[in-house]
Amino acid sequence: MTLSRNSSSTITATRRDVLAGAAGLVVAVTLPVKSRAQGAGDATFAPNAFIRVTPDNIITVLSKHIEFGQGPLTGLATLVAEEMDADWAQIRAEHAPSNPALYGHPDFGMQITGGSASIATSYDVMRKAGAAARALLVAAAAKSWGVPADEITVAKGVLSHASGKQGTFGDFAQAAAGETLTGEPALKSPDQFIYIGNENLRKLDTADKSTGAAVYTLDIFRDGMLTAVVAHPKRFGATVASFDDAATRAVVGVVDVVQVSAGVAVLAENTYAALKGRKALVVEWDDSAAETRHTDAILAEYEAAAKQRGVVAHQTGDADGALAGAETVLEAEYLFPYLAHAPMEPLDAVIERSADGGVEAWLGSQGTTIDHQVIAGVCGLDMGQVKLNVMLAGGSFGRRAQPTSHLAQEAAEIFMAAGGDKPIKLMWTREDDIRGGYYRPVTAHRLRGGLDANGDIVAWEQTVAGQSFAAGTPFEPFMVQNGIDGTMIEGASETPYAMANTVVSAHMINNPVSTLWWRSVGHTHTGYAVECFIDELLDAGGKDAVAGRLALMSDSYARLAGTLREVADIAGWGRTMPEGRALGVASVKSFNSYVSQVAEVSIEDGAPRVHKVWCAVDCGVPVNPEVIRAQMEGGIGYALSAILFNEITFDDSGAIEQSNFHDYRSLRIGEMPEIEVAIIKSSEAPTGVGEPGVPPLGPAVANAVRKLTGKTPRRLPMIRNDYQA
Amino acid sequence: MAVTLKINGENRSVDADDETPLLWVLRDDLRLTGTKFGCGIAQCGACTVHVNGQPRRACVTPLSMLEGADVTTIEGLEGREAEAVRAAWAEYDTPQCGYCQSGQIMTAAALLQRTPQPSDEEIDDALAGNICRCATYVRIRKAVKAAGEKLEG
């Protein structure tokens, strides 16, 4: 899990790209030492691609992952600070620029943030980088003081020797740049950790986010920059037939109107003029290839497909035979709507021509390497001629990484269509965001389960019908196998429960509606279907929801069982509940993290109200406990918003019905439950927390609703149904 | 027609279409980018500023309404309440993506100015118009409460 898969020649070549764009000298961890040579007078010590130390005693950690709230800037810096024995106050973090050779994901070979993998894929790399930096600083001090390196101690960023000599990292930054690393420095053992697992560590970006100083893409202004907004179609698959821009061009401040592949862009001197100009624009759309069905018709297609067995993804024993011979057979269908991600900062990008004829772009780039390639392609440049700055982003939840990089493409197309010489800022409005597609796909699940005379589960059949967001994109070859997109069935093809006779199959049915991963991806629906249905089966068999799950969990899910025991304990599972209140439980493993949740629910005004959620998470070594808690809280709130309120629907002509937060409701503070999070102590390698807090929430709430009303909400969102306690 | 108003204590004259929402005046003309765009229809609160001491949605406040007005943005937010709120925000490490936080802090500071020790219900009511898609709400609630207690103490 290092960058060693790259040949040194590749790294040497890319090093120049980095050098050109970074303030200090930056080289890769695996580079031969001589390649680190830096120009005379350069006072910056940059032992590797991830760390810069400057004479002012500031350590800057370059994050290969984008920050949009999940804490990688702080997390990656924690790993470096730990092994350097730095003082937390001297630590800064910033985004690494786009450079796949230096900052690529070890599995994908490209720079990307996703799959809750930032800490998991950085744990070794960043600690090694920190240990290397420390060793070089120690070597420099040893030489300067004329003492053996192993007699030097380091604490809180201060190097000391028994002779009384002392110095800071900054004092030796320059000298350390000339030092040579011999061998690989040993990493700390967990009992030596000061920062990893530290409850008192606070995030590096909180202060700037409390004063308005944090800079997002929307906050970038360039000289002579034009603001662009785009008229997009109301139906998926529609294209521009013609447009009349006379009224638009009459708006004071409007500079240009250009057609791009996604619609018609209005460019203006300021945002207000651009918006006013777009309002005046008349576009005729060609709907001949568009999706014109009502969402109910689309859902019905998936629902019908789920009644028939699809491509088998997982099978044990003889589910059909066991169902035929079962004492009791239960059946359930679950329907999941299209969901928008709705990050607080709508999509945006800035792009301008560089002095050398290349381009420079700023965006909240999550699929960084793909964005980089697409911008280069649209502008007719090599990747080396494009400088891509990864910006802080106002949320993503999956939205900012698109296999097609449609946002970067739209920005680059507008830039080129407007002449390729004027800086442009592309801004999506909330309406563009809600109506812009790339939704969590609609999915239908049909489950059948068989119980024997003892109430034990003897058969499990699950059929999933859904849409693939990988189909037709560069991700298809490694995401779609045997005609099934693996993300449609993750969490269903493998469940925590050891059952003798199971069959899980899927139908992949695509349509022109663009879809995408949405915080926790397939687990958003598989977690709900599996955890609601297992609850119903256990109940029908006379088993307790916690004890019944624990009895079924296989050995390889021992850590999930650990979270379930813990959450049952802190929630007081089994206690007598006040009148009108019920507890529901669910456990889901996702992204190699294990999370169980208990929700306390009542029915108020005909709808579920969630009062409190208890959550236990096992994500291996807890690197930043406060970030882990915050991600569980955030995941719970994000999931609750979706399961209670959210769906994107199309009318009889296929036009999208929602447009903004008034009809695509977001959870508000008064609807947020109290939350208690327990983190399981672990020495396993750390895994992610950005997504795994989401999947158990929906089924935990639904299972409590069933206790209160006798019915599991089978079609989401829950407010579609009227509830009577 | 130019409109004269006070922004963060400084007199400014803005020459723009007088229908222009304050949000775009602040961001495009004055480059005060701490005030964020989230919805444009007063649904999310990301653009909350103080106009004559009251929290207001800059995205639906046209320039024409602001002749002589006293506007405070996140960049100019000062005083005991603001300090208490920011200190509590740091203590609870409240922001995640951070994009809505200027609006949350502007609303929280205004709440504490009129209700120094708000109850949970008063906090929920006051901040009901500020959406946080990261759902940092539990920390916002705790931080506002802690800030209030600090002000009293």
# chains A, B, ... in the order shown; residues from 1 in each chain; ligands from 1
>>> residues_around(residues="B:Val138", least_positions_apart="6", cutoff="8 Å", atoms="only C-alpha atoms", output="mmCIF file with C-alpha atoms, in the first residue's frame")
data_model
loop_
_atom_site.group_PDB
_atom_site.id
_atom_site.type_symbol
_atom_site.label_atom_id
_atom_site.label_comp_id
_atom_site.auth_asym_id
_atom_site.auth_seq_id
_atom_site.Cartn_x
_atom_site.Cartn_y
_atom_site.Cartn_z
ATOM 1 C CA GLU A 633 -24.238 11.666 13.980
ATOM 2 C CA ILE A 669 -32.637 20.884 13.774
ATOM 3 C CA MET A 672 -32.742 15.737 14.759
ATOM 4 C CA PRO A 673 -32.774 13.033 17.414
ATOM 5 C CA GLU A 674 -30.492 12.915 20.400
ATOM 6 C CA ILE A 675 -27.573 10.633 19.577
#
>>> closest_atom_pairs(of="chain A", to="chain B", cutoff="7 Å", atoms="only C-alpha atoms", output="Markdown table")
| residue | atom | partner | partner_atom | distance |
| --- | --- | --- | --- | --- |
| A:Phe68 | CA | B:Cys97 | CA | 4.5 |
| A:Gly69 | CA | B:Cys97 | CA | 3.6 |
| A:Gln70 | CA | B:Gln96 | CA | 6.5 |
| A:Arg202 | CA | B:Asp93 | CA | 6.3 |
| A:Lys203 | CA | B:Asp93 | CA | 6.6 |
| A:Thr206 | CA | B:Pro95 | CA | 6.1 |
| A:Ala207 | CA | B:Ala90 | CA | 6.8 |
| A:Lys209 | CA | B:Gly98 | CA | 5.2 |
| A:Ser210 | CA | B:Ser102 | CA | 6.3 |
| A:Thr211 | CA | B:Ile74 | CA | 6.0 |
| A:Gly212 | CA | B:Gly34 | CA | 3.8 |
| A:Ala213 | CA | B:Gly34 | CA | 6.3 |
| A:Asp219 | CA | B:Thr33 | CA | 5.6 |
| A:Asn270 | CA | B:Asp28 | CA | 6.4 |
| A:Thr271 | CA | B:Trp24 | CA | 6.6 |
| A:Tyr272 | CA | B:Thr20 | CA | 6.3 |
| A:Pro343 | CA | B:Arg133 | CA | 6.2 |
| A:Met344 | CA | B:Gly38 | CA | 5.7 |
| A:Glu345 | CA | B:Gly38 | CA | 6.0 |
| A:Pro346 | CA | B:Gly38 | CA | 6.9 |
| A:Ala393 | CA | B:Cys97 | CA | 6.6 |
| A:Gly394 | CA | B:Tyr99 | CA | 4.9 |
| A:Gly395 | CA | B:Cys97 | CA | 5.3 |
| A:Thr429 | CA | B:Cys39 | CA | 7.0 |
| A:Arg430 | CA | B:Cys39 | CA | 5.1 |
| A:Gly634 | CA | B:Ala135 | CA | 4.8 |
| A:Gly637 | CA | B:Ala135 | CA | 5.2 |
| A:Tyr638 | CA | B:Ala135 | CA | 6.3 |
| A:Asn660 | CA | B:Cys39 | CA | 6.7 |
| A:Phe661 | CA | B:Gln43 | CA | 6.1 |
| A:His662 | CA | B:Gln43 | CA | 6.6 |
| A:Ser666 | CA | B:Ile131 | CA | 6.9 |
| A:Arg668 | CA | B:Ile131 | CA | 5.9 |
| A:Ile669 | CA | B:Tyr137 | CA | 5.4 |
| A:Gly670 | CA | B:Asp124 | CA | 5.0 |
| A:Met672 | CA | B:Tyr137 | CA | 6.7 |
| A:Glu674 | CA | B:Val138 | CA | 6.8 |
>>> write_last_selection(atoms="C-alpha atoms", output="short mmCIF file (atom, residue, chain, number, x, y, z; two decimals), in the first residue's frame")
data_model
loop_
_atom_site.label_atom_id
_atom_site.label_comp_id
_atom_site.auth_asym_id
_atom_site.auth_seq_id
_atom_site.Cartn_x
_atom_site.Cartn_y
_atom_site.Cartn_z
CA PHE A 68 -16.10 18.01 2.42
CA GLY A 69 -16.81 17.33 6.05
CA GLN A 70 -15.62 13.81 6.75
CA ARG A 202 -9.84 19.15 17.41
CA LYS A 203 -10.17 19.53 13.64
CA THR A 206 -13.01 24.49 12.43
CA ALA A 207 -11.74 28.04 13.02
CA LYS A 209 -15.29 27.53 9.04
CA SER A 210 -16.51 29.68 11.92
CA THR A 211 -15.33 33.04 10.58
CA GLY A 212 -16.23 32.85 6.90
CA ALA A 213 -12.54 32.55 6.01
CA ASP A 219 -15.55 31.93 -3.42
CA ASN A 270 -22.09 38.90 -12.26
CA THR A 271 -24.27 36.18 -10.78
CA TYR A 272 -27.48 38.15 -10.70
CA PRO A 343 -24.98 19.06 -0.72
CA MET A 344 -25.16 22.56 0.79
CA GLU A 345 -22.81 24.00 -1.83
CA PRO A 346 -24.38 23.37 -5.22
CA ALA A 393 -16.36 21.57 -0.87
CA GLY A 394 -19.66 22.19 0.83
CA GLY A 395 -20.67 18.56 1.15
CA THR A 429 -28.36 26.71 -8.51
CA ARG A 430 -30.30 24.56 -6.05
CA GLY A 634 -24.10 13.13 10.49
CA GLY A 637 -29.19 12.75 10.28
CA TYR A 638 -28.54 12.39 6.54
CA ASN A 660 -35.57 23.18 -4.08
CA PHE A 661 -35.62 22.65 -0.31
CA HIS A 662 -39.31 23.55 -0.05
CA SER A 666 -34.05 18.42 4.44
CA ARG A 668 -34.08 20.45 10.29
CA ILE A 669 -32.64 20.88 13.77
CA GLY A 670 -35.94 20.23 15.57
CA MET A 672 -32.74 15.74 14.76
CA GLU A 674 -30.49 12.92 20.40
#
>>> residues_around(residues="B:Leu5", least_positions_apart="4", cutoff="6 Å", atoms="only C-alpha atoms", output="ChimeraX atom specification")
/B:11-12,67-69
>>> select_by_dssp(residues="stretch 277-441 of chain A", states="strand (DSSP E)", output="ChimeraX atom specification")
/A:282-286,311-316,328-336,348-353,359-363,386-390,424-427
>>> atom_distance(atom1="atom CA of A:Ala319", atom2="atom CA of A:Ala459")
5.3 Å
>>> atom_distance(atom1="atom CA of A:Arg665", atom2="atom CA of A:Arg519")
17.3 Å
>>> select_by_dssp(residues="stretch 479-658 of chain A", states="alpha helix (DSSP H)", output="CSV table (one decimal) with N, CA and C atoms, in the first residue's frame")
chain,number,residue,atom,x,y,z
A,479,MET,N,-17.0,-2.6,-12.4
A,479,MET,CA,-18.2,-2.6,-11.5
A,479,MET,C,-19.3,-3.6,-11.9
A,486,GLY,N,-22.3,-4.7,-9.1
A,486,GLY,CA,-22.0,-5.2,-7.8
A,486,GLY,C,-22.6,-4.3,-6.7
A,487,THR,N,-22.7,-3.0,-7.0
A,487,THR,CA,-23.2,-2.0,-6.0
A,487,THR,C,-24.7,-2.2,-5.8
A,488,MET,N,-25.4,-2.8,-6.7
A,488,MET,CA,-26.9,-3.0,-6.6
A,488,MET,C,-27.2,-4.1,-5.5
A,489,ILE,N,-26.2,-5.0,-5.3
A,489,ILE,CA,-26.5,-6.1,-4.4
A,489,ILE,C,-25.5,-6.2,-3.2
A,523,HIS,N,-25.9,-0.1,0.0
A,523,HIS,CA,-26.3,-0.4,1.4
A,523,HIS,C,-27.5,0.6,1.8
A,524,THR,N,-27.7,1.6,1.0
A,524,THR,CA,-28.9,2.5,1.3
A,524,THR,C,-30.2,1.7,1.2
A,525,HIS,N,-30.2,0.8,0.3
A,525,HIS,CA,-31.5,0.0,0.1
A,525,HIS,C,-31.3,-1.5,0.6
A,526,THR,N,-30.1,-2.1,0.3
A,526,THR,CA,-30.0,-3.5,0.8
A,526,THR,C,-30.0,-3.5,2.3
A,527,GLY,N,-29.4,-2.6,3.0
A,527,GLY,CA,-29.4,-2.6,4.4
A,527,GLY,C,-30.8,-2.5,4.9
A,528,TYR,N,-31.7,-1.7,4.3
A,528,TYR,CA,-33.1,-1.5,4.7
A,528,TYR,C,-33.8,-2.8,4.5
A,529,ALA,N,-33.7,-3.4,3.3
A,529,ALA,CA,-34.5,-4.6,3.0
A,529,ALA,C,-34.1,-5.8,3.8
A,530,VAL,N,-32.8,-6.0,3.9
A,530,VAL,CA,-32.3,-7.1,4.7
A,530,VAL,C,-32.7,-7.0,6.2
A,531,GLU,N,-32.4,-5.8,6.7
A,531,GLU,CA,-32.6,-5.6,8.2
A,531,GLU,C,-34.1,-5.5,8.6
A,532,CYS,N,-34.9,-5.0,7.7
A,532,CYS,CA,-36.4,-5.0,8.0
A,532,CYS,C,-36.9,-6.5,7.9
A,533,PHE,N,-36.5,-7.2,6.9
A,533,PHE,CA,-37.1,-8.5,6.7
A,533,PHE,C,-36.6,-9.5,7.7
A,534,ILE,N,-35.3,-9.4,8.1
A,534,ILE,CA,-34.8,-10.3,9.1
A,534,ILE,C,-35.6,-10.1,10.4
A,535,ASP,N,-35.9,-8.8,10.7
A,535,ASP,CA,-36.6,-8.4,11.9
A,535,ASP,C,-38.0,-9.1,11.9
A,536,GLU,N,-38.7,-9.0,10.7
A,536,GLU,CA,-40.0,-9.6,10.6
A,536,GLU,C,-40.0,-11.1,10.7
A,537,LEU,N,-39.0,-11.7,10.2
A,537,LEU,CA,-38.9,-13.2,10.3
A,537,LEU,C,-38.6,-13.6,11.7
A,538,LEU,N,-37.7,-12.9,12.4
A,538,LEU,CA,-37.4,-13.2,13.8
A,538,LEU,C,-38.6,-13.1,14.6
A,539,ASP,N,-39.3,-12.0,14.4
A,539,ASP,CA,-40.6,-11.7,15.2
A,539,ASP,C,-41.6,-12.8,14.9
A,540,ALA,N,-41.8,-13.2,13.6
A,540,ALA,CA,-42.7,-14.2,13.3
A,540,ALA,C,-42.3,-15.6,13.9
A,545,ALA,N,-35.3,-9.5,18.6
A,545,ALA,CA,-34.5,-8.9,17.5
A,545,ALA,C,-33.0,-8.9,17.7
A,546,VAL,N,-32.6,-8.7,18.9
A,546,VAL,CA,-31.1,-8.7,19.2
A,546,VAL,C,-30.6,-10.1,19.3
A,547,ALA,N,-31.2,-10.9,20.2
A,547,ALA,CA,-30.7,-12.2,20.5
A,547,ALA,C,-30.8,-13.1,19.2
A,548,GLY,N,-31.9,-12.9,18.5
A,548,GLY,CA,-32.1,-13.6,17.2
A,548,GLY,C,-31.0,-13.3,16.2
A,549,ARG,N,-30.7,-12.0,16.1
A,549,ARG,CA,-29.6,-11.7,15.1
A,549,ARG,C,-28.3,-12.3,15.6
A,550,LEU,N,-28.0,-12.1,16.9
A,550,LEU,CA,-26.7,-12.6,17.4
A,550,LEU,C,-26.6,-14.1,17.1
A,551,ALA,N,-27.7,-14.8,17.3
A,551,ALA,CA,-27.6,-16.3,17.1
A,551,ALA,C,-27.4,-16.7,15.7
A,552,LEU,N,-27.8,-15.8,14.7
A,552,LEU,CA,-27.6,-16.1,13.3
A,552,LEU,C,-26.3,-15.6,12.7
A,558,ALA,N,-18.2,-11.4,13.7
A,558,ALA,CA,-18.0,-11.3,15.1
A,558,ALA,C,-18.0,-9.8,15.5
A,559,ARG,N,-17.3,-9.0,14.7
A,559,ARG,CA,-17.2,-7.6,15.1
A,559,ARG,C,-18.6,-6.9,15.0
A,560,LEU,N,-19.4,-7.3,14.0
A,560,LEU,CA,-20.7,-6.7,13.9
A,560,LEU,C,-21.5,-7.1,15.1
A,561,ALA,N,-21.4,-8.4,15.5
A,561,ALA,CA,-22.1,-8.9,16.7
A,561,ALA,C,-21.6,-8.0,18.0
A,562,GLY,N,-20.3,-7.7,18.0
A,562,GLY,CA,-19.8,-6.9,19.1
A,562,GLY,C,-20.5,-5.5,19.2
A,563,THR,N,-20.8,-4.9,18.0
A,563,THR,CA,-21.5,-3.6,18.0
A,563,THR,C,-22.9,-3.8,18.4
A,564,LEU,N,-23.5,-4.9,18.0
A,564,LEU,CA,-24.9,-5.1,18.4
A,564,LEU,C,-25.1,-5.3,19.9
A,565,ARG,N,-24.2,-6.1,20.5
A,565,ARG,CA,-24.2,-6.3,21.9
A,565,ARG,C,-24.0,-4.9,22.6
A,566,GLU,N,-23.1,-4.1,22.1
A,566,GLU,CA,-22.8,-2.8,22.8
A,566,GLU,C,-24.0,-1.9,22.7
A,567,VAL,N,-24.6,-1.8,21.5
A,567,VAL,CA,-25.7,-0.9,21.3
A,567,VAL,C,-26.9,-1.3,22.1
A,568,ALA,N,-27.1,-2.6,22.2
A,568,ALA,CA,-28.3,-3.1,23.0
A,568,ALA,C,-28.0,-2.8,24.5
A,569,ASP,N,-26.8,-2.8,24.9
A,569,ASP,CA,-26.5,-2.4,26.2
A,569,ASP,C,-26.7,-0.9,26.5
A,570,ILE,N,-26.2,-0.1,25.7
A,570,ILE,CA,-26.3,1.4,26.0
A,570,ILE,C,-27.7,1.9,25.8
A,571,ALA,N,-28.5,1.2,24.9
A,571,ALA,CA,-29.8,1.6,24.7
A,571,ALA,C,-30.8,1.0,25.7
A,625,PRO,N,-11.4,10.0,17.4
A,625,PRO,CA,-12.7,9.6,18.0
A,625,PRO,C,-13.8,10.7,17.8
A,626,GLU,N,-13.5,11.9,17.9
A,626,GLU,CA,-14.5,13.0,17.8
A,626,GLU,C,-15.0,13.0,16.4
A,627,VAL,N,-14.2,12.8,15.4
A,627,VAL,CA,-14.6,12.8,14.0
A,627,VAL,C,-15.5,11.5,13.7
A,628,ILE,N,-15.1,10.4,14.4
A,628,ILE,CA,-15.9,9.2,14.2
A,628,ILE,C,-17.3,9.5,14.8
A,629,ARG,N,-17.4,10.1,16.0
A,629,ARG,CA,-18.7,10.3,16.5
A,629,ARG,C,-19.5,11.3,15.6
A,630,ALA,N,-18.8,12.3,15.2
A,630,ALA,CA,-19.5,13.3,14.3
A,630,ALA,C,-20.0,12.7,13.0
A,631,GLN,N,-19.3,11.7,12.5
A,631,GLN,CA,-19.7,11.1,11.2
A,631,GLN,C,-20.9,10.1,11.5
A,632,MET,N,-20.9,9.5,12.6
A,632,MET,CA,-22.1,8.7,13.0
A,632,MET,C,-23.3,9.6,13.1
A,633,GLU,N,-23.1,10.7,13.8
A,633,GLU,CA,-24.2,11.7,14.0
A,633,GLU,C,-24.7,12.2,12.6
A,634,GLY,N,-23.8,12.6,11.8
A,634,GLY,CA,-24.1,13.1,10.5
A,634,GLY,C,-24.7,12.1,9.6
A,635,GLY,N,-24.2,10.9,9.6
A,635,GLY,CA,-24.8,9.8,8.8
A,635,GLY,C,-26.2,9.5,9.2
A,636,ILE,N,-26.5,9.5,10.5
A,636,ILE,CA,-27.8,9.3,11.0
A,636,ILE,C,-28.8,10.4,10.6
A,637,GLY,N,-28.3,11.6,10.7
A,637,GLY,CA,-29.2,12.7,10.3
A,637,GLY,C,-29.4,12.7,8.8
A,638,TYR,N,-28.4,12.4,8.0
A,638,TYR,CA,-28.5,12.4,6.5
A,638,TYR,C,-29.5,11.3,6.1
A,639,ALA,N,-29.3,10.1,6.8
A,639,ALA,CA,-30.2,9.0,6.5
A,639,ALA,C,-31.7,9.3,6.9
A,640,LEU,N,-31.8,9.9,8.0
A,640,LEU,CA,-33.2,10.2,8.6
A,640,LEU,C,-33.9,11.1,7.6
A,641,SER,N,-33.2,12.1,7.1
A,641,SER,CA,-33.8,13.0,6.2
A,641,SER,C,-34.4,12.3,5.0
A,642,ALA,N,-33.6,11.4,4.5
A,642,ALA,CA,-34.0,10.6,3.3
A,642,ALA,C,-35.1,9.7,3.5
A,643,ILE,N,-35.0,8.9,4.6
A,643,ILE,CA,-36.1,7.8,4.8
A,643,ILE,C,-37.4,8.5,5.2
A,644,LEU,N,-37.4,9.6,5.9
A,644,LEU,CA,-38.6,10.2,6.3
A,644,LEU,C,-39.2,11.0,5.1
A,645,PHE,N,-38.4,11.8,4.4
A,645,PHE,CA,-39.0,12.8,3.5
A,645,PHE,C,-38.7,12.7,2.0
>>> atom_distance(atom1="atom CA of A:Ala401", atom2="atom CA of A:His294")
27.7 Å
>>> residues_around(residues="A:Arg609", least_positions_apart="2", cutoff="9 Å", atoms="only C-alpha atoms", output="VMD selection string")
chain A and resid 600 to 604 607 611 671 673 701
